[in-house]
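Engineer: Provided herewith is a single structure, encoded as structure tokens, for subsequent inquiry.
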Amino acid sequence: MSGIIAGYLPLFDLYLIHVGLAFSQYIVLRAGVFSLATAAFAGIGAYTAGIFAVNLGLHPAIGLLAGTLTGMGAAIFLSIPLARLRGVYQAIATVAFIQICLSLNVYSESLTGGAMGLNNIPKTVGTGTLFVFAALATYMIWAIERGRLGRAFNAIRQDEAVAASLGISITRHQMLAFAISGALAGLFGGLEAYHAYALDPNQFGFHLLITILSYVILGGRNTVLGPLVGCAILIILPELARPLAENRMVIYGVMLIVVINYVPKGIVDTALDAIRARRLKMREETVS
Amino acid sequence: STTSTYAFVGEPLVNGMKLAADEISAADNWGGHNVEIIYQDNRSDKQEAIALITRMAQSENADIVVGPIATSEAMATGPVAVDLKIPMFTTATSPAVLEAGPYIFKSTETADAYMAPVGEHIVSLKPSNCFLVSIRDNEGYIRQRNVIRDILTGAGVEIVGDESILAADTDFTALSTKIVSNEPDCLFVTAPPEQAANIIIQARQAGLDGDTILAGDSGAGSQKLIDAGGSAVDGILFPASFVASASDSSKAFSEAYEAEFGKAPDLWAATGYTMMNTVANAIRNAGDDVNRESLREAMAATKDLPVVMGQGMLSFDENRIPSMGGIVMKLEDGKWVKP
Amino acid sequence: MLEVRDLKVSYSGIQALRGVSMNVSSGETVALIGPNGAGKSSLLNTISGIVRPESGSVMFEAGDITGARAWVVTKAGVLQVPEGRKVFGEMTVLENLQVGETALHGRAPTYRLQDVFDVFPILQERREQRAGSLSGGQQQMLVIARALMGGPRLLLLDEPSLGLAPVIISQVFDALAELKAQGLTILLVEQNAHLALTASDRAYVIEQGRIMKSGASMDLAKDPEVTALYLGQE
Amino acid sequence: MSTLKLTNLSKRFGGVVASEDVNIEVPAGKVIGLIGPNGAGKTTIVNMITGLLPVTSGTIHVGNADITHAPAHEICRAGLARTFQNIRLLGEATVLENVMIGFHRHETSSTFAALLGLPEAGRETATLKERAFSLLGEFDLQAFADYPASGLSYGHQRKVEMARAMASEPDFVLLDEPIAGMNDVESNALAEIFMGLASSGKGVLLIEHNVRFVAKLCSYIYVLDGGKLISEGTSDHVLNDPEVISAYLGDAHHA
Amino acid sequence: MLAQQLLNGLVVSGVYALFSLGFTLVFGIQRILNLAHGAIFMTGAMVAFYTVKGGGPLWLGFILAILASGALSVLVEIVCFRRLRKTGDEEFGGIISSIGAGLVITTIAQQVSSTQVLRFPFETFPVVIFKFWGLRVSMLQLFMAGAAIILVLILGYYVYRTAFGRRIRAVTDNEHAAMLMGINPNFVYSQTYFLAGALAGAAGVLVGLAFNSITFLMGEPYLMFAFAIIILGGLGSIPGALLASLVFGMVQTLTIAYLPSGLTDTIIFASLFLILLVRPHGILGKEDAGNLRGRR
Ligand SMILES: Nc1ncnc2c1ncn2[C@@H]1O[C@H](COP(=O)(O)OP(=O)(O)OP(=O)(O)O)[C@@H](O)[C@H]1O
Ligand SMILES: Nc1ncnc2c1ncn2[C@@H]1O[C@H](COP(=O)(O)OP(=O)(O)OP(=O)(O)O)[C@@H](O)[C@H]1O
Ligand SMILES: [Mg+2]
Ligand SMILES: [Mg+2]
């Protein structure tokens with residue numbers, strides 16, 4: 001029994017790491033930036049942390065801090081040009097950014113290990129550490145959501161002109177969202193590095209981008225619960241489908257289509273909407 | 001990995017293993033043990049490979065893991081396997097994977113061993129220069145390129161081009177023009193067979209000289225290269241680890257494989273077949289109590305095991321590096337011959 | 001010509017129409033007045049097929065158009081000018097008008113390009129301008145003109161005076177009067193009750209999804225309740 | 001008290017001259033009217049004042065502060081609020097949340113507190129909720145507080161937009177056709193609110209096509225045509241100006 | 001060598017243009033990045049391949065490929081996007097939904113092709129090489145360039161000069177208003193997607209013929225580039241996409257020719273990034289009327 005749990009522990013670890021990355025994606029979307037750069041920031045954080053440990057032999061805490069800071073730095077740097085762009089243009093620019101990071105990574109073999117990846121990273125992060133960081137990230141997102149920043153992000157996402165006319169600085173808030181996103185991605189990338197023994201450049205490419213985006217879309221992009229739930233479903237579901245091996249990708253694809261079409265706001269947001277509508281209806285009935 | 005990037009290896013590999021397993025079971029040749037084989041797909045993904053190995057070791061109580069395929073995957077899973085004390089038998093080419101610890105075994109000879117004869121053969125043909133093309137997002141190909149490059153430069157052959165491509169590339173018109181404009185005496189391509197064929201076809205269409213020396217890697221010894229390249233790839237030199245017509249046992253294997261899966265076996269099918277046989281041999285030799293430790297020892301002790309690859313015998317040396325013996329082959333009129 | 005019977009509409013549970021019955025005869029101009037949120041637009045949208053009713057029926061001439069898709073409804077010549085100036089912003093004024101012809105579905109046009117330009121000369125002046133960069137009022141003129149291009153037999157107008165300068169309003173209503181004179185049937189939703197009652201033959205007063213009053217416009221204009229609620233003190 | 005002052009304000013879109021040498025003053029405590037035919041350039045002027053369109057030439061001052069080239073959010077902080085001619089509510093948010101966001105400029109909790117979820121931030125959210133709710137009361141909208149804003153009828157959406165603009169407690173309010181789509185009774189209720197704003201010392205710039213409404217409310221009226229001011233003065237003066245009648249009112253109205 | 005490389009670049013550009021025009025069309029009409037477009041392109045190549053393999057002539061394969069890709073594209077629209085339109089969340093939803101469709105189509109293709117790299121039998125398209133001024137052009141290259149030009153001209157005429165094109169653009173602009181003008185948006189969408197899919201299918205066959213490798217993943221690199229091409233060319237702008245295809249084909253060919261090949265991607269995407277900085281709306285994209293617009 002404990003064997004079975006232990007066997008699925010890597011899956012739980014994966015969940016904790018991906019929750020962090022999902023929040024990184026969530027926060028920029030929430031602030032109205034269609035950035036997909038989380039995968040790149042995670043790669044930057046992971047490789048920084050990895051290199052700190054492997055090449056410099058530094059303490060993991062320092063590596064994690066460095067990963068967080070470089071992730072954040074890269075995000076702030078990227079936010080400057082991105083502020084000039086809108087919507088899908090931002091999406092494509094960030095995808096280009098990911099491509100650039102990827103090919104530079106493969107190219108600078110002496111530092112990053114190139115196509116071979118960065119190996120022999122000491123494993124210093126376990127489930128406990130991951131859990132603590134994932135919990136902290138969840139709390140921070142929840143706090144943001146309830147306060148001033150959450151309201152400002154909401155306004156910017158829905159209508160920039162309105163937000164600006166109400167005194168909300170769009171550049172400042174979007175840069176802030178970016179910094180948070182980059183820091184979260186860098187941190188969880190670093191955790192990944194110290195948890196996985198090895199890094200591979202392609203790990204932080206298009207596939208990760210899609211995976212993370214799917215978490216947020218599936219779960220919902222307006223409440224903190226969304227990424228938590230979306231991530232859980234998308235990590236558990238392929239496991240359940242494993243016996244169907246060959247058809248796993250078909251099932252995954254069909255699920256994406258069905259969910260986005262029938263539960264477009266994501267599972268959590270839709271559920272919350274339904275609850276709210278019911279409350280309104282009940283109130284209306286008691287009035288009339 | 002039966003899906004995604006390394007599917008081209010994974011699929012025939014698993015087929016080869018299944019064929020071997022069926023044959024062994026039919027002959028009741030597991031040394032009296034009841035062997036259960038679980039196939040899992042890591043989708044050419046490192047993290048997935050780690051998760052799977054952990055799960056196999058901890059909840060499925062496996063005694064040996066066959067796989068993963070790529071060096072990059074094996075580099076990642078190696079330390080995990082060593083931590084869990086479970087033998088891991090991978091197809092990774094780089095000897096670096098063995099450094100993780102005594103539980104790691106690899107099925108392929110190192111590039112230095114099997115590519116060297118090809119390099120030396122090229123040198124013996126006395127080209128004055130050579131153009132190299134390799135895949136840059138896979139360590140194995142880079143290593144093969146390095147071996148050839150070092151041998152050629154060592155022998156004073158000028159390298160007029162050293163280009164890299166991605167495993168997903170298909171359009172080589174620009175590359176071809178570049179190759180042709182360098183007028184090389186020799187063109188070495190290390191890439192999966194279809195891609196290698198493609199590069200050569202496109203280079204020919206761009207005007208590559210008919211008597212340019214062509215050379216490739218072990219993949220060039222597969223039927224796929226002939227199917228894909230037709231007459232364009234005629235004359236290519238390659239290292240052979242598996243030639244269907246090499247011996248009676250390899251002929252028998254080829255026929256059985258073709259009967260089962262409807263196509264001729266390639267290098268990887270033969271590798272899978274060989275790996276399963278090696279594991280079965282180790283199980284037979286592990287004694288009554290088959291466990292991870294006894295299996296590891298039995299694996300390491302493998303000597304002169306008859307196989308369908310190379311010169312027909314597989315042994316591990318004290319560093320667990322396998323040797324089967326490779327030879328240079330040449331493709332002539334759609335047939336593999338000794339040059 | 002148009003016969004609406006016991007129409008009920010709700011949006012995810014919120015009732016907008018609670019059983020509306022009304023009719024419009026051929027050649028008539030009928031006005032619909034009522035406060036914000038009364039359901040005027042909902043009624044128009046249900047007739048034109050944008051919104052599907054919960055129950056009830058909509059008959060146009062002999063045909064049942066209850067719940068028919070909007071583009072099917074236009075085939076019969078029922079054309080709606082929607083609330084809020086929905087021009088095709090990325091297209092030129094001329095292209096907007098040309099798109100309007102789609103609604104003809106092979107029927108003979110009643111208004112040609114030049115006729116429309118005669119009513120709204122500013123559109124001719126701006127025929128190559130991107131419709132999205134027109135001023136609000138110009139856009140309102142464009143959507144009315146666009147509907148005319150579709151050869152309407154019954155024209156549904158949702159607040160055509162919204163955001164228009166007085167001089168343009170009188171132009172629009174002059175044009176409407178002329179259309180009426182030519183025999184076009186019009187169902188008009190209008191907040192400006194004074195204007196609505198002057199321009200129409202009959203009117204319905206709608207409140208909270210129900211018809212509260214109906215009658216000849218002249219009579220309603222004198223009705224003390226209506227004057228108090230909709231015509232202000234003046 | 002300060003004054004919102006536009007001096008020689010001009011705006012060109014390529015060849016179209018949307019506004020040319022416009023001079024307008026909105027003193028505190030007054031309701032000033034801005035009328036003119038469709039396309040005269042009224043909305044363009046509001047967009048320039050609030051920083052949504054760059055100014056081609058001329059200046060905009062609030063008191064002594066030059067806000068001609070200030071970014072939109074700083075203009076709000078200088079005390080200007082507006083409504084939009086084509087209603088722009090935050091469609092995904094509830095009515096209450098739409099109003100709450102209006103308070104943004106007066107929010108005091110630090111970014112740090114917001115990031116860490118300190119009690120300070122929570123208290124602020126709670127107060128804002130209360131204030132937004134009571135503001136909705138002034139517009140008779142409390143019953144709709146929890147409805148999604150996009151589901152409201154046109155007229156109600158207009159009022160929510162006004163409540164949102166009021167929430168920023170501006171010194172000057174720019175209203176772009178606030179009573180479009182309302183009947184006389186409803187607009188009279190709003191007239192009360194506008195008068196109240198003026199008497200509490202705010203300056204109001206009112207754009208409206210309902211001339212009776214403008215005449216009743218405004219102490220001073222500017223008339224724009226083709227981007228230029230063609231007339232200004234009290235309502236009696238302006239509405240009898242022959243140029244205004246021919247460009248804007250039409251003969252019918254004059255009678 | 002430069003002249004030969006420019007010629008190579010031109011042919012590559014033609015393929016990019018065919019691929020990205022359909023993509024642009026869909027993007028223009030719905031603001032949807034149809035990430036299944038690569039899979040539809042691949043389907044075209046596969047259908048032609050299996051037709052030829054089954055003994056059919058190439059022209060039949062070509063026609064079947066165009067029809068099948070068009071039909072598949074329509075199917076994707078109906079299954080993946082039709083509902084999304086109603087919720088008004090195509091920008092995000094469309095990306096996710098089409099990723100799903102792409103996964104399904106490629107996995108099926110993978111199973112049909114047993115993960116093999118397929119190729120047309122030799123001489124399916126006669127290998128004839130013309131030489132002039134020291135340049136080499138194959139008949140296939142000429143055919144590709146010709147097909148690209150003709151299809152592009154037809155498309156341009158269709159969208160900008162016909163009533164149907166106006167209807168597409170009206171639906172793009174405001175679906176509700178378009179319905180009230182008697183336009184059946186579903187029909188318009190289906191036609192547009194058919195066109196887009198058919199173009200992609202044609203591109204798929206050409207690429208399959210030219211580069212000799214048909215795999216279930218063959219659409220991915222093209223998708224990446226098309227992604228960049230339409231952005232560079234400006235939102236849904238057909239001339240923009242053409243120009244951007246040309247730029248991309250050339251840049252790609254020339255970087256391979258003259259720079260260390262490991263850096264090709266970096267250079268292409270970095271230059272894309274720079275261009276976006278200088279012209280945030282792409283090379284031919286229009287500036288928005290106001291600098292601040294409402295969006296989700
Ligand atoms: N899309 C929608 N979703 C939810 N509720 C809606 C929707 N459209 C209208 N409603 C509701 O239906 C009721 C009637 O709205 P409708 O727009 O028909 O009123 P109206 O008479 O046209 O008002 P106005 O004069 O303000 O335009 C209102 O209570 C409104 O909130
Ligand atoms: N982005 C733009 N590009 C080109 N012309 C524009 C643009 N925005 C506005 N215009 C033009 O500028 C003029 C003034 O427009 P504006 O919207 O300010 O008018 P308005 O006075 O508000 O009219 P209305 O009362 O109808 O709302 C119009 O002729 C309009 O077509
Ligand atoms: Mg209405
Ligand atoms: Mg205006």
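By convention in this document, the chains of the structure tokens carry letters A, B, ... by their order, each chain's residues are numbered from 1, and ligands are numbered from 1 in the order they are shown.
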Give the helix (DSSP H, G or I) residues of range 15-107 of chain D, as DSSP finds them on the backbone, and put them as a PyMOL selection string.
Structural biologist: chain D and resi 42-49+72-77+95-106
Engineer: When the cut-off is 6 Å and we count only C-alpha atoms, which residues of chain D are near chain A, given as a count of residues only?
Structural biologist: 12
Engineer: Would you mind listing the residues within 9 Å of ligand 2, counting only C-alpha atoms and all ligand atoms, as a PyMOL selection string?
Structural biologist: (chain C and resi 126+129-140+163-165) or (chain D and resi 11-19+35-47+53+85+176-177+207-209+224-227) or (chain E and resi 288-290)
Engineer: Skip range 100-106 of chain B itself and residues of its chain fewer than 4 positions away, then list as a PyMOL selection string all residues within 6 Å of it, counting only C-alpha atoms.
Structural biologist: chain B and resi 78-79+82+87-91
Engineer: Between CA of Leu97 in chain C and CA of Phe27 in chain E, what distance in Å does the model show, to one decimal?
Structural biologist: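 We find that CA of Leu97 in chain C and CA of Phe27 in chain E lie 24.6 Å from each other.
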Engineer: Using only C-alpha atoms, select each residue of chain C with any atom at most 10 Å away from an atom of chain D, and give the selection as a PyMOL selection string.
Structural biologist: chain C and resi 11-12+14+33-42+83-85+133-140+159-171+190-194+227-234
Engineer: Tell me, counting only C-alpha atoms, for each residue of chain E within 10 Å of chain C, which pair of atoms is nearest and how far apart they are in Å to one decimal, in rows ordered by chain and increasing number, as a Markdown table.
Structural biologist:
```
| residue | atom | partner | partner_atom | distance |
| --- | --- | --- | --- | --- |
| E:Ala163 | CA | C:Val99 | CA | 7.4 |
| E:Phe164 | CA | C:Val99 | CA | 9.2 |
| E:Gly165 | CA | C:Val99 | CA | 9.9 |
| E:Arg166 | CA | C:Val99 | CA | 6.5 |
| E:Arg167 | CA | C:Val99 | CA | 6.4 |
| E:Ile168 | CA | C:Val99 | CA | 9.9 |
| E:Arg169 | CA | C:Met91 | CA | 7.5 |
| E:Ala170 | CA | C:Phe88 | CA | 5.9 |
| E:Val171 | CA | C:Phe88 | CA | 8.5 |
| E:Thr172 | CA | C:Phe88 | CA | 8.5 |
| E:Asp173 | CA | C:Phe88 | CA | 5.3 |
| E:Asn174 | CA | C:Phe88 | CA | 6.2 |
| E:Glu175 | CA | C:Phe88 | CA | 9.3 |
| E:His176 | CA | C:Ile50 | CA | 7.5 |
| E:Ala177 | CA | C:Lys86 | CA | 6.2 |
| E:Ala178 | CA | C:Val99 | CA | 8.2 |
| E:Met179 | CA | C:Trp71 | CA | 5.2 |
| E:Leu180 | CA | C:Ala70 | CA | 5.8 |
| E:Met181 | CA | C:Ala103 | CA | 5.0 |
| E:Gly182 | CA | C:Trp71 | CA | 4.0 |
| E:Ile183 | CA | C:Trp71 | CA | 5.4 |
| E:Asn184 | CA | C:Trp71 | CA | 5.6 |
| E:Pro185 | CA | C:Trp71 | CA | 8.6 |
| E:Ala289 | CA | C:Ser133 | CA | 7.7 |
```
Engineer: Using only C-alpha atoms, which protein or nucleic acid residues come within 6 Å of Ala228 in chain B? Drop anything in the same chain fewer than 3 positions from it, and give the result as a PyMOL selection string.
Structural biologist: chain B and resi 194+197+224-225
Engineer: Please identify all polymer residues within 7 Å of range 42-46 of chain A, counting only C-alpha atoms, omitting same-chain residues fewer than 3 positions from it, and present them as a list in words.
Structural biologist: Thr38, Ala39, Ala49, Gly50, Gly67, Thr68, Thr70, Gly71, Ala185, Gly186, Leu187, Phe188, Gly189, Gly190, Glu192, Ala193 and Phe204 of chain A
Engineer: Keeping C-alpha atoms for every residue in the selection just given, could you write it to a file as a short mmCIF file (atom, residue, chain, number, x, y, z; two decimals), in the first residue's frame?
Structural biologist:
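What ended up in selection_6.cif:
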```cif
data_model
loop_
_atom_site.label_atom_id
_atom_site.label_comp_id
_atom_site.auth_asym_id
_atom_site.auth_seq_id
_atom_site.Cartn_x
_atom_site.Cartn_y
_atom_site.Cartn_z
CA THR A 38 6.12 31.18 -18.33
CA ALA A 39 7.84 28.17 -19.87
CA ALA A 49 19.51 27.05 -10.09
CA GLY A 50 20.99 23.99 -11.76
CA GLY A 67 16.51 31.21 -9.97
CA THR A 68 13.67 33.35 -8.63
CA THR A 70 16.70 35.72 -12.75
CA GLY A 71 13.18 34.58 -13.63
CA ALA A 185 8.17 30.58 -12.73
CA GLY A 186 11.82 31.05 -11.81
CA LEU A 187 11.25 29.69 -8.32
CA PHE A 188 9.34 26.62 -9.43
CA GLY A 189 11.77 26.07 -12.27
CA GLY A 190 14.54 26.07 -9.66
CA GLU A 192 12.19 21.43 -10.57
CA ALA A 193 15.95 21.50 -11.09
CA PHE A 204 10.86 24.18 -21.33
#
```
Engineer: Could you produce a table of the residues of chain B lying within 10 Å of chain A, with the nearest pair of atoms per residue and their separation in Å rounded to one decimal, using only C-alpha atoms, ordered by chain and increasing residue number, as a tab-separated table?
Structural biologist:
```
residue	atom	partner	partner_atom	distance
B:Thr2	CA	A:Glu246	CA	8.8
B:Thr3	CA	A:Glu246	CA	8.3
B:Tyr39	CA	A:Ala245	CA	9.8
B:Gln40	CA	A:Ala245	CA	8.0
B:Asp41	CA	A:Ala245	CA	7.3
B:Arg43	CA	A:Ala245	CA	10.0
B:Asp45	CA	A:Gln203	CA	7.8
B:Lys46	CA	A:Asp200	CA	7.5
B:Gln47	CA	A:Ala196	CA	7.3
B:Glu48	CA	A:Leu11	CA	9.3
B:Ile50	CA	A:Ala196	CA	8.0
B:Ala51	CA	A:Pro10	CA	5.6
B:Leu52	CA	A:Gly7	CA	8.5
B:Ile53	CA	A:Gly7	CA	9.1
B:Thr54	CA	A:Gly7	CA	6.2
B:Arg55	CA	A:Gly7	CA	4.2
B:Met56	CA	A:Gly7	CA	7.5
B:Ala57	CA	A:Gly7	CA	7.9
B:Gln58	CA	A:Gly7	CA	5.4
B:Ser59	CA	A:Ile4	CA	4.7
B:Glu60	CA	A:Ile4	CA	8.1
B:Asn61	CA	A:Gly3	CA	8.8
B:Ala70	CA	A:Met116	CA	9.6
B:Thr71	CA	A:Met116	CA	7.4
B:Ser72	CA	A:Met116	CA	5.3
B:Glu73	CA	A:Asp200	CA	8.7
B:Met75	CA	A:Asn119	CA	6.6
B:Ala76	CA	A:Ala198	CA	5.1
B:Thr77	CA	A:Tyr197	CA	8.2
B:Gly78	CA	A:Tyr197	CA	9.4
B:Pro79	CA	A:Tyr197	CA	7.4
B:Val80	CA	A:Tyr197	CA	8.0
B:Ala100	CA	A:Asn120	CA	8.5
B:Arg136	CA	A:Ala115	CA	7.1
B:Asp137	CA	A:Ala115	CA	5.0
B:Asn138	CA	A:Ala115	CA	5.9
B:Glu139	CA	A:Met116	CA	5.6
B:Gly140	CA	A:Met116	CA	9.1
B:Ile142	CA	A:Ala115	CA	9.3
```
Engineer: Which residues of chain E sit at most 8 Å from chain B, using only C-alpha atoms? Give each one's shortest atom pair and distance in Å (one decimal place), in chain and ascending residue order, as CSV.
Structural biologist:
```
residue,atom,partner,partner_atom,distance
E:Met1,CA,B:Ser181,CA,6.6
E:Gln4,CA,B:Thr177,CA,7.3
E:Gln5,CA,B:Ala174,CA,6.2
E:Asn8,CA,B:Ala174,CA,6.5
E:Gly9,CA,B:Ala174,CA,7.7
E:Thr115,CA,B:Phe8,CA,6.9
E:Gln116,CA,B:Phe8,CA,7.3
E:Val117,CA,B:Glu194,CA,6.8
E:Arg119,CA,B:Ala228,CA,7.0
E:Phe122,CA,B:Gly230,CA,7.7
E:Ile129,CA,B:Gln205,CA,8.0
E:Arg136,CA,B:Ala206,CA,7.0
E:Phe211,CA,B:Asp171,CA,5.7
E:Asn212,CA,B:Asn198,CA,6.5
E:Ser213,CA,B:Thr170,CA,6.7
E:Met218,CA,B:Ala168,CA,7.7
E:Pro221,CA,B:Ala168,CA,7.5
E:Thr253,CA,B:Ala174,CA,5.5
E:Leu254,CA,B:Ala174,CA,7.7
E:Ile256,CA,B:Ala174,CA,6.4
E:Ala257,CA,B:Lys178,CA,6.0
E:Pro260,CA,B:Glu163,CA,7.4
E:Ser261,CA,B:Ser164,CA,6.0
E:Gly262,CA,B:Ser164,CA,6.3
```
Engineer: Should the cut-off be 9 Å, what would the residue list for chain A against chain E look like, counting only C-alpha atoms, as an MDAnalysis selection string?
Structural biologist: chainID A and resid 32 34 81:82 84:89 92:97 99:104 106:107 156:162 164 210 213:214 217 246:262 264:265
Engineer: May I have the residues within 10 Å of Met42 in chain E as a list in words, using only C-alpha atoms and disregarding those fewer than 6 positions away in the same chain?
Structural biologist: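 Everything that qualifies: Ala36, Ala65, Ser69, Ile105, Thr106, Ala109, Ala200, Gly201, Ala202, Ala203, Gly204, Val205, Val207, Gly208, Ile214, Thr215, Phe216, Leu217, Met218, Gly219 and Glu220 of chain E.
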Engineer: Do you know which residues are at most 9 Å from Ile24 in chain D counting only C-alpha atoms, after dropping those on the same chain fewer than 3 positions away, and could you put them as a ChimeraX atom specification?
Structural biologist: /D:4-9,222
Engineer: As a ChimeraX atom specification, could you give me every residue of chain D near chain E (at most 9 Å apart, counting only C-alpha atoms)?
Structural biologist: /D:52-54,88
Engineer: Could you write those residues out with N, CA, C and O atoms, as a PDB file, in the first residue's frame?
Structural biologist:
```pdb
ATOM      1  N   LEU D  52      -7.022  59.652 -23.766  1.00  0.00           N
ATOM      2  CA  LEU D  52      -7.168  58.471 -24.615  1.00  0.00           C
ATOM      3  C   LEU D  52      -6.765  58.757 -26.056  1.00  0.00           C
ATOM      4  O   LEU D  52      -6.537  57.845 -26.827  1.00  0.00           O
ATOM      5  N   LEU D  53      -6.707  60.016 -26.422  1.00  0.00           N
ATOM      6  CA  LEU D  53      -6.229  60.396 -27.747  1.00  0.00           C
ATOM      7  C   LEU D  53      -5.138  61.437 -27.569  1.00  0.00           C
ATOM      8  O   LEU D  53      -5.284  62.342 -26.765  1.00  0.00           O
ATOM      9  N   PRO D  54      -4.041  61.289 -28.319  1.00  0.00           N
ATOM     10  CA  PRO D  54      -3.023  62.324 -28.227  1.00  0.00           C
ATOM     11  C   PRO D  54      -3.512  63.644 -28.842  1.00  0.00           C
ATOM     12  O   PRO D  54      -4.275  63.637 -29.813  1.00  0.00           O
ATOM     13  N   ARG D  88     -19.072  51.399 -21.614  1.00  0.00           N
ATOM     14  CA  ARG D  88     -17.968  50.456 -21.443  1.00  0.00           C
ATOM     15  C   ARG D  88     -17.910  50.017 -19.987  1.00  0.00           C
ATOM     16  O   ARG D  88     -17.161  50.554 -19.191  1.00  0.00           O
TER      17      ARG D  88
END
```
Engineer: Just how far from CA of Gly326 in chain B is CA of Asp304 in chain B, in Å to one decimal?
Structural biologist: 15.0 Å
